[in-house]
Amino acid sequence: MAESTPIIAVDKVSKIYGNANASTVALKDVSLSIAKGEFVSLVGPSGCGKSTLLRLIADLDKATQGTLLVNGHAPDVARKNREYGFVFQAPTLYDWRTVERNAELPLEVMGRAKADWKPRVDKMLAMVGLRDFHDHYPWQLSGGMQQRASIARALSFDPAILLMDEPFGALDEFTRERMNMELLDIWQTTHKTILFVTHSISEAVFLSSRIVVMTPRPGRIATVVDIDLPYPRTFETRESPRFFELMTVVRETLKEEFVGHE
Amino acid sequence: MTNSVTLNESTGADRQGRSMPRWLWLLSGYLIAFVLVALIWEGSKAIFEIPDYKLPHLAQIAEAFVRPTPKGPVWLVLLQDAAYTAFEALVGFTLGSVTGFAIAVLFQRYLPLRRGFLPYVIASQTVPIIAIAPMIVVGMGRLGAPPWLSKSIIAAYLTFFPVVINVLRGLESVDRDALLLMRSYAATDNQIFRLLRLPASVPYLFTALKISATASIIGAIIGELPVGSTRGIGVQIVVGSQYNTFNPGFLWATIIMAALLGMAAYALVALAEKRIVKWKREE
Ligand SMILES: Nc1ncnc2c1ncn2[C@@H]1O[C@H](COP(=O)(O)OP(=O)(O)OP(=O)(O)O)[C@@H](O)[C@H]1O
Ligand SMILES: [Mg+2]
């Protein structure tokens, strides 16, 4: 990508967990550059370091080696500037807050004007299809509904960057496709930059402008696949020949990398 | 009998014996338990030939409750004493919970303080309270404190410990992702405390308060046992044991009243919990 300044720049980053006796190399020499407004997906087998990479970018964990820049700042500065919203792999709702109060949490922490909370949160809950459940507690929701509530929470403060760790993993196929459309819509209308982890190749191809394929032990970037399907993407996109071609490319890469490791 | 154990109370759909009215069906558990206890009580008394001063007949206890005195029937007198004990316990409970909570918060926020003081907090509970209660009562009496205050202090002493331990656990019970979420918002330590740790600790607080509610009653009663105390259910227990050979039902009447007091204290906290902790999955 020949962009001017990347909004996320990862340069020769390694992450080693544990101590000298028992250590896991979660990431090794990972370099990745994401331009403003891109939709990038991370795919790769379980344990290849996708969540770890997201956490390093978000300054929720420190890199062992290498440098990261988020919007031109060190990750801790970017975090304090509230440049990104993070959707965790688990919903991570607070038990004692209703759906609505959970979605308000970032607005409350960030000291946004109280008058803005309700309109923002109502809009996001409607988008994820939880408007009728705004006063429910997390235990009253299904797993997929909890995950959608956590997405509404991440979107409620309108961050420029979204870091999403398998946000739709717990959803049924139908809801998932609907959420994919909603997310693309938000992405295009608000010009966000999205870094998205998924296990679904079709979801990655459908959403992304680029797909980063990773391999495990140690976690490295195997290939980057440009997805040249035109936006806006529709239900027809999923039926186009190019869509299937690209899915095959990604799948073959994953398979090769896996075989190459045996 | 065996069928009724597995009945579904909320629907009553698979309820046996539909001729039984619902209120009777709901009460039947209490009735069965009471009858069973009464049978064991009177049965062992008959089989082992236990004399009245060791174990009176249930009828003697009932009779002791209704016996008239110059100040009204015994149950009314005991109720008034129980109310006094309840007051002492409530003051102690409040004092102990507030201090316990404050200590837990302090311990959570300053680890060195916890390291230094937690051993003393634990040691404080290994001291036999029965042994030091008279010293507290007499000592505070000499200092001119009102008589109820020493009882409240003992109640507080028994109350604060469960609160410290449970609230500390509650404040630490937040999981890693819940903390990382706050971190991703660049929340301040105070916000993390107020919006995450504090609410997470509330169910733990109630667990402690249920223990403390009964403990505070016991504390107040222990404080009433030394000579010199004039009011409270503990005083009546002492009187009851002194006159036990003449009036064996009375001691048990005082014991039952004390037990009812403890149960009421527990029930009040449980009720408050139900009102406040609305976010927990219902059983
Ligand atoms: N906190 C941690 N402490 C020690 N090791 C860790 C920690 N977090 C992750 N790891 C290790 O780092 C590696 C990468 O983990 P990571 O969670 O990033 O994988 P992932 O690609 O997100 O997997 P999945 O698709 O299953 O979510 C794994 O081998 C894991 O055991
Ligand atoms: Mg992961």
# chains A, B, ... in the order shown; residues from 1 in each chain; ligands from 1
call {"tool": "residues_near_ligand", "arguments": {"ligand": "ligand 2", "cutoff": "12 Å", "atoms": "only C-alpha atoms and all ligand atoms", "output": "number ranges by chain"}}
result
A: 26, 42-55, 87-90, 164-167, 169, 196-199
call {"tool": "closest_atom_pairs", "arguments": {"of": "chain A", "to": "chain B", "cutoff": "6 Å", "atoms": "only C-alpha atoms", "output": "Markdown table"}}
result
| residue | atom | partner | partner_atom | distance |
| --- | --- | --- | --- | --- |
| A:Lys80 | CA | B:Ala186 | CA | 5.2 |
| A:Thr92 | CA | B:Ala178 | CA | 5.9 |
| A:Trp96 | CA | B:Trp279 | CA | 5.2 |
call {"tool": "residues_around", "arguments": {"residues": "Arg120 (chain A)", "least_positions_apart": "6", "cutoff": "12 Å", "atoms": "only C-alpha atoms", "output": "list in words"}}
result
Glu100, Arg101, Ala103, Glu104, Leu105, Pro106, Leu107, Arg112, Ala113, Lys114, Ala126, Met127, Ala152, Arg153, Ala154, Leu155, Ser156, Phe157 and Asp158 of chain A
call {"tool": "write_last_selection", "arguments": {"atoms": "C-alpha atoms", "output": "short mmCIF file (atom, residue, chain, number, x, y, z; two decimals), in the first residue's frame"}}
result
data_model
loop_
_atom_site.label_atom_id
_atom_site.label_comp_id
_atom_site.auth_asym_id
_atom_site.auth_seq_id
_atom_site.Cartn_x
_atom_site.Cartn_y
_atom_site.Cartn_z
CA GLU A 100 -28.35 0.34 27.83
CA ARG A 101 -26.15 1.18 30.81
CA ALA A 103 -23.48 0.69 26.13
CA GLU A 104 -23.26 4.01 27.96
CA LEU A 105 -20.17 2.97 29.89
CA PRO A 106 -17.53 4.49 27.55
CA LEU A 107 -19.52 7.73 27.32
CA ARG A 112 -19.34 12.95 27.45
CA ALA A 113 -22.33 15.20 28.06
CA LYS A 114 -25.08 13.19 29.67
CA ALA A 126 -31.31 -0.22 17.22
CA MET A 127 -28.51 -1.01 14.80
CA ALA A 152 -23.05 -1.33 20.44
CA ARG A 153 -20.89 -0.32 23.40
CA ALA A 154 -17.74 -0.06 21.26
CA LEU A 155 -19.51 2.03 18.63
CA SER A 156 -21.29 4.30 21.07
CA PHE A 157 -18.41 6.75 21.41
CA ASP A 158 -17.65 6.81 17.69
#
call {"tool": "residues_around", "arguments": {"residues": "Leu183 (chain A)", "least_positions_apart": "5", "cutoff": "10 Å", "atoms": "only C-alpha atoms", "output": "mmCIF file with N, CA, C and O atoms, in the first residue's frame"}}
result
data_model
loop_
_atom_site.group_PDB
_atom_site.id
_atom_site.type_symbol
_atom_site.label_atom_id
_atom_site.label_comp_id
_atom_site.auth_asym_id
_atom_site.auth_seq_id
_atom_site.Cartn_x
_atom_site.Cartn_y
_atom_site.Cartn_z
ATOM 1 N N MET A 127 -29.313 -0.441 15.870
ATOM 2 C CA MET A 127 -28.507 -1.008 14.800
ATOM 3 C C MET A 127 -28.183 -2.482 15.035
ATOM 4 O O MET A 127 -28.219 -3.284 14.109
ATOM 5 N N VAL A 128 -27.879 -2.818 16.290
ATOM 6 C CA VAL A 128 -27.550 -4.225 16.566
ATOM 7 C C VAL A 128 -28.800 -5.037 16.922
ATOM 8 O O VAL A 128 -28.704 -6.194 17.301
ATOM 9 N N ILE A 151 -20.836 -4.816 20.920
ATOM 10 C CA ILE A 151 -20.517 -4.057 19.704
ATOM 11 C C ILE A 151 -21.141 -2.666 19.779
ATOM 12 O O ILE A 151 -20.503 -1.663 19.470
ATOM 13 N N GLU A 177 -24.625 -12.169 8.853
ATOM 14 C CA GLU A 177 -24.608 -11.488 7.554
ATOM 15 C C GLU A 177 -25.256 -10.114 7.655
ATOM 16 O O GLU A 177 -24.799 -9.155 7.035
ATOM 17 N N ARG A 178 -26.290 -10.037 8.468
ATOM 18 C CA ARG A 178 -26.927 -8.736 8.665
ATOM 19 C C ARG A 178 -25.968 -7.766 9.365
ATOM 20 O O ARG A 178 -25.829 -6.610 8.966
ATOM 21 N N GLN A 188 -18.349 2.781 5.981
ATOM 22 C CA GLN A 188 -18.322 3.663 4.821
ATOM 23 C C GLN A 188 -18.836 5.056 5.136
ATOM 24 O O GLN A 188 -18.310 6.039 4.620
ATOM 25 N N THR A 189 -19.840 5.129 6.008
ATOM 26 C CA THR A 189 -20.382 6.460 6.289
ATOM 27 C C THR A 189 -19.519 7.238 7.269
ATOM 28 O O THR A 189 -19.507 8.465 7.236
ATOM 29 N N ILE A 194 -10.823 -0.140 10.339
ATOM 30 C CA ILE A 194 -11.219 -1.319 11.101
ATOM 31 C C ILE A 194 -10.191 -2.432 10.955
ATOM 32 O O ILE A 194 -9.759 -2.763 9.849
ATOM 33 N N LEU A 207 -15.957 -8.562 3.840
ATOM 34 C CA LEU A 207 -15.826 -7.263 4.498
ATOM 35 C C LEU A 207 -14.595 -6.469 4.066
ATOM 36 O O LEU A 207 -14.653 -5.255 3.916
#
call {"tool": "select_by_dssp", "arguments": {"residues": "region 57-106 of chain A", "states": "strand (DSSP E or B)", "output": "ChimeraX atom specification"}}
result
/A:65-70,73,84-87
call {"tool": "write_last_selection", "arguments": {"atoms": "all heavy atoms", "output": "PDB file, in the first residue's frame"}}
result
ATOM      1  N   GLN A  65       9.499  -6.730  21.563  1.00  0.00           N
ATOM      2  CA  GLN A  65      10.423  -6.047  20.646  1.00  0.00           C
ATOM      3  C   GLN A  65       9.636  -5.322  19.577  1.00  0.00           C
ATOM      4  O   GLN A  65       8.500  -5.688  19.295  1.00  0.00           O
ATOM      5  CB  GLN A  65      11.323  -7.076  19.954  1.00  0.00           C
ATOM      6  CG  GLN A  65      12.634  -7.332  20.663  1.00  0.00           C
ATOM      7  CD  GLN A  65      13.330  -8.537  20.076  1.00  0.00           C
ATOM      8  OE1 GLN A  65      13.172  -8.837  18.896  1.00  0.00           O
ATOM      9  NE2 GLN A  65      14.089  -9.232  20.903  1.00  0.00           N
ATOM     10  N   GLY A  66      10.288  -4.350  18.941  1.00  0.00           N
ATOM     11  CA  GLY A  66       9.658  -3.667  17.824  1.00  0.00           C
ATOM     12  C   GLY A  66       8.898  -2.429  18.251  1.00  0.00           C
ATOM     13  O   GLY A  66       8.787  -2.137  19.442  1.00  0.00           O
ATOM     14  N   THR A  67       8.402  -1.708  17.248  1.00  0.00           N
ATOM     15  CA  THR A  67       7.677  -0.474  17.559  1.00  0.00           C
ATOM     16  C   THR A  67       6.295  -0.485  16.932  1.00  0.00           C
ATOM     17  O   THR A  67       6.085  -1.081  15.878  1.00  0.00           O
ATOM     18  CB  THR A  67       8.433   0.768  17.030  1.00  0.00           C
ATOM     19  OG1 THR A  67       8.698   0.571  15.635  1.00  0.00           O
ATOM     20  CG2 THR A  67       9.731   0.993  17.776  1.00  0.00           C
ATOM     21  N   LEU A  68       5.381   0.168  17.607  1.00  0.00           N
ATOM     22  CA  LEU A  68       4.029   0.324  17.086  1.00  0.00           C
ATOM     23  C   LEU A  68       3.675   1.804  17.109  1.00  0.00           C
ATOM     24  O   LEU A  68       4.065   2.525  18.038  1.00  0.00           O
ATOM     25  CB  LEU A  68       3.024  -0.428  17.958  1.00  0.00           C
ATOM     26  CG  LEU A  68       3.150  -1.938  18.017  1.00  0.00           C
ATOM     27  CD1 LEU A  68       3.580  -2.389  19.388  1.00  0.00           C
ATOM     28  CD2 LEU A  68       1.831  -2.591  17.623  1.00  0.00           C
ATOM     29  N   LEU A  69       2.968   2.233  16.084  1.00  0.00           N
ATOM     30  CA  LEU A  69       2.458   3.596  16.072  1.00  0.00           C
ATOM     31  C   LEU A  69       0.981   3.568  15.713  1.00  0.00           C
ATOM     32  O   LEU A  69       0.573   2.882  14.770  1.00  0.00           O
ATOM     33  CB  LEU A  69       3.208   4.450  15.037  1.00  0.00           C
ATOM     34  CG  LEU A  69       4.639   4.899  15.396  1.00  0.00           C
ATOM     35  CD1 LEU A  69       5.250   5.683  14.246  1.00  0.00           C
ATOM     36  CD2 LEU A  69       4.629   5.746  16.672  1.00  0.00           C
ATOM     37  N   VAL A  70       0.197   4.276  16.492  1.00  0.00           N
ATOM     38  CA  VAL A  70      -1.236   4.377  16.222  1.00  0.00           C
ATOM     39  C   VAL A  70      -1.563   5.852  16.035  1.00  0.00           C
ATOM     40  O   VAL A  70      -1.371   6.648  16.954  1.00  0.00           O
ATOM     41  CB  VAL A  70      -2.065   3.781  17.375  1.00  0.00           C
ATOM     42  CG1 VAL A  70      -3.558   3.920  17.090  1.00  0.00           C
ATOM     43  CG2 VAL A  70      -1.701   2.323  17.587  1.00  0.00           C
ATOM     44  N   HIS A  73       1.157   8.063  17.078  1.00  0.00           N
ATOM     45  CA  HIS A  73       1.573   8.089  18.484  1.00  0.00           C
ATOM     46  C   HIS A  73       1.965   6.704  18.963  1.00  0.00           C
ATOM     47  O   HIS A  73       1.549   5.696  18.390  1.00  0.00           O
ATOM     48  CB  HIS A  73       0.440   8.592  19.378  1.00  0.00           C
ATOM     49  CG  HIS A  73      -0.105   9.920  18.979  1.00  0.00           C
ATOM     50  ND1 HIS A  73       0.600  11.087  19.118  1.00  0.00           N
ATOM     51  CD2 HIS A  73      -1.299  10.276  18.444  1.00  0.00           C
ATOM     52  CE1 HIS A  73      -0.124  12.089  18.688  1.00  0.00           C
ATOM     53  NE2 HIS A  73      -1.284  11.628  18.262  1.00  0.00           N
ATOM     54  N   TYR A  84      -9.254   4.504  19.718  1.00  0.00           N
ATOM     55  CA  TYR A  84      -9.844   3.263  19.209  1.00  0.00           C
ATOM     56  C   TYR A  84     -10.947   2.742  20.119  1.00  0.00           C
ATOM     57  O   TYR A  84     -11.020   3.079  21.301  1.00  0.00           O
ATOM     58  CB  TYR A  84      -8.753   2.188  19.072  1.00  0.00           C
ATOM     59  CG  TYR A  84      -8.219   1.715  20.407  1.00  0.00           C
ATOM     60  CD1 TYR A  84      -8.910   0.771  21.161  1.00  0.00           C
ATOM     61  CD2 TYR A  84      -7.041   2.236  20.942  1.00  0.00           C
ATOM     62  CE1 TYR A  84      -8.450   0.361  22.400  1.00  0.00           C
ATOM     63  CE2 TYR A  84      -6.567   1.838  22.175  1.00  0.00           C
ATOM     64  CZ  TYR A  84      -7.284   0.899  22.896  1.00  0.00           C
ATOM     65  OH  TYR A  84      -6.835   0.504  24.128  1.00  0.00           O
ATOM     66  N   GLY A  85     -11.790   1.912  19.531  1.00  0.00           N
ATOM     67  CA  GLY A  85     -12.750   1.141  20.319  1.00  0.00           C
ATOM     68  C   GLY A  85     -12.390  -0.319  20.175  1.00  0.00           C
ATOM     69  O   GLY A  85     -11.953  -0.750  19.102  1.00  0.00           O
ATOM     70  N   PHE A  86     -12.514  -1.068  21.250  1.00  0.00           N
ATOM     71  CA  PHE A  86     -12.078  -2.468  21.243  1.00  0.00           C
ATOM     72  C   PHE A  86     -13.273  -3.374  21.489  1.00  0.00           C
ATOM     73  O   PHE A  86     -14.012  -3.178  22.454  1.00  0.00           O
ATOM     74  CB  PHE A  86     -11.035  -2.664  22.343  1.00  0.00           C
ATOM     75  CG  PHE A  86     -10.141  -3.858  22.148  1.00  0.00           C
ATOM     76  CD1 PHE A  86      -8.796  -3.686  21.810  1.00  0.00           C
ATOM     77  CD2 PHE A  86     -10.629  -5.152  22.303  1.00  0.00           C
ATOM     78  CE1 PHE A  86      -7.965  -4.787  21.628  1.00  0.00           C
ATOM     79  CE2 PHE A  86      -9.793  -6.247  22.117  1.00  0.00           C
ATOM     80  CZ  PHE A  86      -8.455  -6.071  21.780  1.00  0.00           C
ATOM     81  N   VAL A  87     -13.469  -4.349  20.622  1.00  0.00           N
ATOM     82  CA  VAL A  87     -14.493  -5.369  20.880  1.00  0.00           C
ATOM     83  C   VAL A  87     -13.760  -6.656  21.231  1.00  0.00           C
ATOM     84  O   VAL A  87     -13.028  -7.200  20.406  1.00  0.00           O
ATOM     85  CB  VAL A  87     -15.415  -5.583  19.665  1.00  0.00           C
ATOM     86  CG1 VAL A  87     -16.440  -6.679  19.959  1.00  0.00           C
ATOM     87  CG2 VAL A  87     -16.120  -4.289  19.294  1.00  0.00           C
TER      88      VAL A  87
END
call {"tool": "residues_around", "arguments": {"residues": "Ile237 (chain B)", "least_positions_apart": "6", "cutoff": "9 Å", "atoms": "only C-alpha atoms", "output": "PyMOL selection string"}}
result
chain B and resi 221+225+250-255+258
call {"tool": "select_by_dssp", "arguments": {"residues": "region 157-258 of chain B", "states": "helix (DSSP H, G or I)", "output": "PyMOL selection string"}}
result
chain B and resi 157-171+176-184+189-224+233-242+248-258
call {"tool": "residues_around", "arguments": {"residues": "region 31-36 of chain A", "least_positions_apart": "6", "cutoff": "12 Å", "atoms": "only C-alpha atoms", "output": "PyMOL selection string"}}
result
chain A and resi 1-14+42+53-54+57+65-72+160-162+187+190-196+209-214+219-224
call {"tool": "write_last_selection", "arguments": {"atoms": "N, CA and C atoms", "output": "CSV table (one decimal), in the first residue's frame"}}
result
chain,number,residue,atom,x,y,z
A,1,MET,N,0.8,-1.2,0.0
A,1,MET,CA,0.0,0.0,0.0
A,1,MET,C,0.9,1.2,0.0
A,2,ALA,N,0.7,2.1,-1.0
A,2,ALA,CA,1.5,3.3,-1.1
A,2,ALA,C,0.8,4.5,-0.5
A,3,GLU,N,0.4,4.4,0.7
A,3,GLU,CA,-0.3,5.5,1.3
A,3,GLU,C,0.7,6.4,2.0
A,4,SER,N,0.2,7.6,2.3
A,4,SER,CA,1.1,8.6,3.0
A,4,SER,C,1.6,8.1,4.3
A,5,THR,N,0.8,8.5,5.4
A,5,THR,CA,1.2,8.0,6.7
A,5,THR,C,0.1,7.0,7.2
A,6,PRO,N,0.6,5.8,7.5
A,6,PRO,CA,-0.4,4.8,8.0
A,6,PRO,C,-1.0,5.2,9.3
A,7,ILE,N,-2.2,4.8,9.6
A,7,ILE,CA,-2.9,5.1,10.8
A,7,ILE,C,-2.5,4.1,11.9
A,8,ILE,N,-2.1,2.8,11.4
A,8,ILE,CA,-1.6,1.8,12.3
A,8,ILE,C,-0.3,1.3,11.7
A,9,ALA,N,0.8,1.4,12.4
A,9,ALA,CA,2.1,1.0,11.8
A,9,ALA,C,2.7,0.0,12.8
A,10,VAL,N,2.9,-1.2,12.4
A,10,VAL,CA,3.5,-2.2,13.2
A,10,VAL,C,4.9,-2.6,12.6
A,11,ASP,N,6.0,-2.4,13.3
A,11,ASP,CA,7.3,-2.6,12.7
A,11,ASP,C,8.1,-3.6,13.5
A,12,LYS,N,8.3,-4.8,12.9
A,12,LYS,CA,9.1,-5.9,13.5
A,12,LYS,C,8.8,-6.1,14.9
A,13,VAL,N,7.6,-6.3,15.2
A,13,VAL,CA,7.1,-6.5,16.5
A,13,VAL,C,7.1,-8.0,16.9
A,14,SER,N,7.7,-8.3,18.1
A,14,SER,CA,7.7,-9.6,18.6
A,14,SER,C,7.0,-9.6,20.0
A,42,LEU,N,-7.7,-10.0,10.0
A,42,LEU,CA,-6.7,-11.0,10.4
A,42,LEU,C,-7.3,-12.4,10.4
A,53,LEU,N,-1.9,-9.5,18.8
A,53,LEU,CA,-1.5,-8.3,18.0
A,53,LEU,C,-2.5,-7.2,18.3
A,54,LEU,N,-3.8,-7.5,18.4
A,54,LEU,CA,-4.8,-6.5,18.7
A,54,LEU,C,-4.5,-5.8,20.0
A,57,ILE,N,-1.6,-3.4,19.8
A,57,ILE,CA,-1.9,-2.1,19.1
A,57,ILE,C,-2.8,-1.2,20.1
A,65,GLN,N,9.5,-6.7,21.6
A,65,GLN,CA,10.4,-6.0,20.6
A,65,GLN,C,9.6,-5.3,19.6
A,66,GLY,N,10.3,-4.3,18.9
A,66,GLY,CA,9.7,-3.7,17.8
A,66,GLY,C,8.9,-2.4,18.3
A,67,THR,N,8.4,-1.7,17.2
A,67,THR,CA,7.7,-0.5,17.6
A,67,THR,C,6.3,-0.5,16.9
A,68,LEU,N,5.4,0.2,17.6
A,68,LEU,CA,4.0,0.3,17.1
A,68,LEU,C,3.7,1.8,17.1
A,69,LEU,N,3.0,2.2,16.1
A,69,LEU,CA,2.5,3.6,16.1
A,69,LEU,C,1.0,3.6,15.7
A,70,VAL,N,0.2,4.3,16.5
A,70,VAL,CA,-1.2,4.4,16.2
A,70,VAL,C,-1.6,5.9,16.0
A,71,ASN,N,-2.0,6.2,14.8
A,71,ASN,CA,-2.2,7.6,14.5
A,71,ASN,C,-1.0,8.5,14.8
A,72,GLY,N,0.1,7.9,14.5
A,72,GLY,CA,1.4,8.6,14.7
A,72,GLY,C,1.9,8.7,16.2
A,160,ALA,N,-12.3,6.5,16.0
A,160,ALA,CA,-11.9,6.5,14.6
A,160,ALA,C,-11.4,5.2,14.2
A,161,ILE,N,-10.9,4.4,15.1
A,161,ILE,CA,-10.3,3.1,14.8
A,161,ILE,C,-11.2,2.0,15.6
A,162,LEU,N,-11.5,0.9,14.9
A,162,LEU,CA,-12.2,-0.2,15.6
A,162,LEU,C,-11.3,-1.4,15.6
A,187,TRP,N,-18.8,1.7,8.5
A,187,TRP,CA,-17.4,1.9,8.1
A,187,TRP,C,-17.4,2.9,6.9
A,190,THR,N,-18.8,6.6,8.1
A,190,THR,CA,-18.0,7.3,9.1
A,190,THR,C,-16.5,7.3,8.9
A,191,HIS,N,-16.1,6.6,7.8
A,191,HIS,CA,-14.7,6.5,7.4
A,191,HIS,C,-13.8,6.0,8.5
A,192,LYS,N,-14.2,5.0,9.2
A,192,LYS,CA,-13.4,4.5,10.3
A,192,LYS,C,-12.3,3.6,9.7
A,193,THR,N,-11.3,3.3,10.5
A,193,THR,CA,-10.4,2.2,10.1
A,193,THR,C,-10.7,1.0,11.0
A,194,ILE,N,-10.8,-0.1,10.3
A,194,ILE,CA,-11.2,-1.3,11.1
A,194,ILE,C,-10.2,-2.4,11.0
A,195,LEU,N,-9.8,-3.0,12.1
A,195,LEU,CA,-8.9,-4.1,12.1
A,195,LEU,C,-9.7,-5.2,12.8
A,196,PHE,N,-10.0,-6.3,12.0
A,196,PHE,CA,-11.0,-7.3,12.3
A,196,PHE,C,-10.5,-8.7,12.4
A,209,SER,N,-10.9,-4.8,2.8
A,209,SER,CA,-10.1,-4.4,1.6
A,209,SER,C,-8.8,-5.1,1.6
A,210,ARG,N,-8.4,-5.7,2.7
A,210,ARG,CA,-7.1,-6.5,2.7
A,210,ARG,C,-7.3,-7.6,3.8
A,211,ILE,N,-6.7,-8.7,3.5
A,211,ILE,CA,-6.7,-9.8,4.5
A,211,ILE,C,-5.3,-10.2,4.8
A,212,VAL,N,-5.0,-10.2,6.1
A,212,VAL,CA,-3.7,-10.6,6.6
A,212,VAL,C,-3.8,-12.1,7.1
A,213,VAL,N,-3.0,-12.9,6.4
A,213,VAL,CA,-3.1,-14.3,6.8
A,213,VAL,C,-1.9,-14.6,7.7
A,214,MET,N,-2.2,-15.2,8.9
A,214,MET,CA,-1.1,-15.4,9.9
A,214,MET,C,-0.9,-16.9,10.1
A,219,GLY,N,3.9,-16.8,15.8
A,219,GLY,CA,3.0,-16.1,15.0
A,219,GLY,C,3.6,-15.1,14.1
A,220,ARG,N,3.4,-15.4,12.8
A,220,ARG,CA,4.0,-14.5,11.7
A,220,ARG,C,2.9,-14.2,10.7
A,221,ILE,N,3.2,-13.2,9.9
A,221,ILE,CA,2.3,-12.9,8.8
A,221,ILE,C,2.8,-13.7,7.6
A,222,ALA,N,1.9,-14.5,7.0
A,222,ALA,CA,2.3,-15.4,5.9
A,222,ALA,C,2.1,-14.6,4.6
A,223,THR,N,0.9,-14.0,4.4
A,223,THR,CA,0.6,-13.3,3.2
A,223,THR,C,-0.4,-12.2,3.5
A,224,VAL,N,-0.4,-11.3,2.6
A,224,VAL,CA,-1.5,-10.3,2.6
A,224,VAL,C,-2.2,-10.4,1.3
call {"tool": "residues_around", "arguments": {"residues": "region 149-151 of chain B", "least_positions_apart": "5", "cutoff": "10 Å", "atoms": "only C-alpha atoms", "output": "PyMOL selection string"}}
result
chain B and resi 85+87-89+91-92+133-141+156-157+216-225+229
call {"tool": "decode", "arguments": {"residues": "region 180-192 of chain B", "atoms": "N, CA, C and O atoms", "output": "PDB file, in the first residue's frame"}}
result
ATOM      1  N   LEU B 180      -9.387  -4.719  31.368  1.00  0.00           N
ATOM      2  CA  LEU B 180      -8.814  -4.249  30.105  1.00  0.00           C
ATOM      3  C   LEU B 180      -9.784  -3.314  29.383  1.00  0.00           C
ATOM      4  O   LEU B 180      -9.362  -2.360  28.730  1.00  0.00           O
ATOM      5  N   LEU B 181     -11.084  -3.609  29.529  1.00  0.00           N
ATOM      6  CA  LEU B 181     -12.082  -2.737  28.911  1.00  0.00           C
ATOM      7  C   LEU B 181     -11.942  -1.316  29.451  1.00  0.00           C
ATOM      8  O   LEU B 181     -11.879  -0.349  28.694  1.00  0.00           O
ATOM      9  N   MET B 182     -11.845  -1.198  30.775  1.00  0.00           N
ATOM     10  CA  MET B 182     -11.662   0.107  31.407  1.00  0.00           C
ATOM     11  C   MET B 182     -10.353   0.747  30.934  1.00  0.00           C
ATOM     12  O   MET B 182     -10.295   1.948  30.683  1.00  0.00           O
ATOM     13  N   ARG B 183      -9.336  -0.070  30.822  1.00  0.00           N
ATOM     14  CA  ARG B 183      -8.044   0.431  30.375  1.00  0.00           C
ATOM     15  C   ARG B 183      -8.160   0.963  28.954  1.00  0.00           C
ATOM     16  O   ARG B 183      -7.574   1.995  28.609  1.00  0.00           O
ATOM     17  N   SER B 184      -8.940   0.267  28.112  1.00  0.00           N
ATOM     18  CA  SER B 184      -9.085   0.707  26.726  1.00  0.00           C
ATOM     19  C   SER B 184      -9.793   2.065  26.655  1.00  0.00           C
ATOM     20  O   SER B 184      -9.624   2.797  25.692  1.00  0.00           O
ATOM     21  N   TYR B 185     -10.572   2.382  27.675  1.00  0.00           N
ATOM     22  CA  TYR B 185     -11.208   3.704  27.728  1.00  0.00           C
ATOM     23  C   TYR B 185     -10.315   4.731  28.427  1.00  0.00           C
ATOM     24  O   TYR B 185     -10.745   5.847  28.668  1.00  0.00           O
ATOM     25  N   ALA B 186      -9.116   4.321  28.799  1.00  0.00           N
ATOM     26  CA  ALA B 186      -8.227   5.185  29.570  1.00  0.00           C
ATOM     27  C   ALA B 186      -8.919   5.701  30.830  1.00  0.00           C
ATOM     28  O   ALA B 186      -8.867   6.889  31.145  1.00  0.00           O
ATOM     29  N   ALA B 187      -9.616   4.815  31.522  1.00  0.00           N
ATOM     30  CA  ALA B 187     -10.305   5.188  32.757  1.00  0.00           C
ATOM     31  C   ALA B 187      -9.285   5.462  33.861  1.00  0.00           C
ATOM     32  O   ALA B 187      -8.216   4.855  33.889  1.00  0.00           O
ATOM     33  N   THR B 188      -9.628   6.381  34.761  1.00  0.00           N
ATOM     34  CA  THR B 188      -8.751   6.656  35.903  1.00  0.00           C
ATOM     35  C   THR B 188      -8.939   5.555  36.954  1.00  0.00           C
ATOM     36  O   THR B 188      -9.920   4.809  36.906  1.00  0.00           O
ATOM     37  N   ASP B 189      -8.011   5.490  37.895  1.00  0.00           N
ATOM     38  CA  ASP B 189      -8.124   4.500  38.974  1.00  0.00           C
ATOM     39  C   ASP B 189      -9.435   4.682  39.743  1.00  0.00           C
ATOM     40  O   ASP B 189     -10.077   3.711  40.127  1.00  0.00           O
ATOM     41  N   ASN B 190      -9.804   5.935  39.949  1.00  0.00           N
ATOM     42  CA  ASN B 190     -11.042   6.199  40.674  1.00  0.00           C
ATOM     43  C   ASN B 190     -12.261   5.701  39.915  1.00  0.00           C
ATOM     44  O   ASN B 190     -13.197   5.161  40.507  1.00  0.00           O
ATOM     45  N   GLN B 191     -12.242   5.885  38.607  1.00  0.00           N
ATOM     46  CA  GLN B 191     -13.361   5.391  37.798  1.00  0.00           C
ATOM     47  C   GLN B 191     -13.411   3.872  37.816  1.00  0.00           C
ATOM     48  O   GLN B 191     -14.487   3.292  37.904  1.00  0.00           O
ATOM     49  N   ILE B 192     -12.248   3.245  37.719  1.00  0.00           N
ATOM     50  CA  ILE B 192     -12.217   1.783  37.766  1.00  0.00           C
ATOM     51  C   ILE B 192     -12.789   1.298  39.085  1.00  0.00           C
ATOM     52  O   ILE B 192     -13.557   0.339  39.139  1.00  0.00           O
TER      53      ILE B 192
END
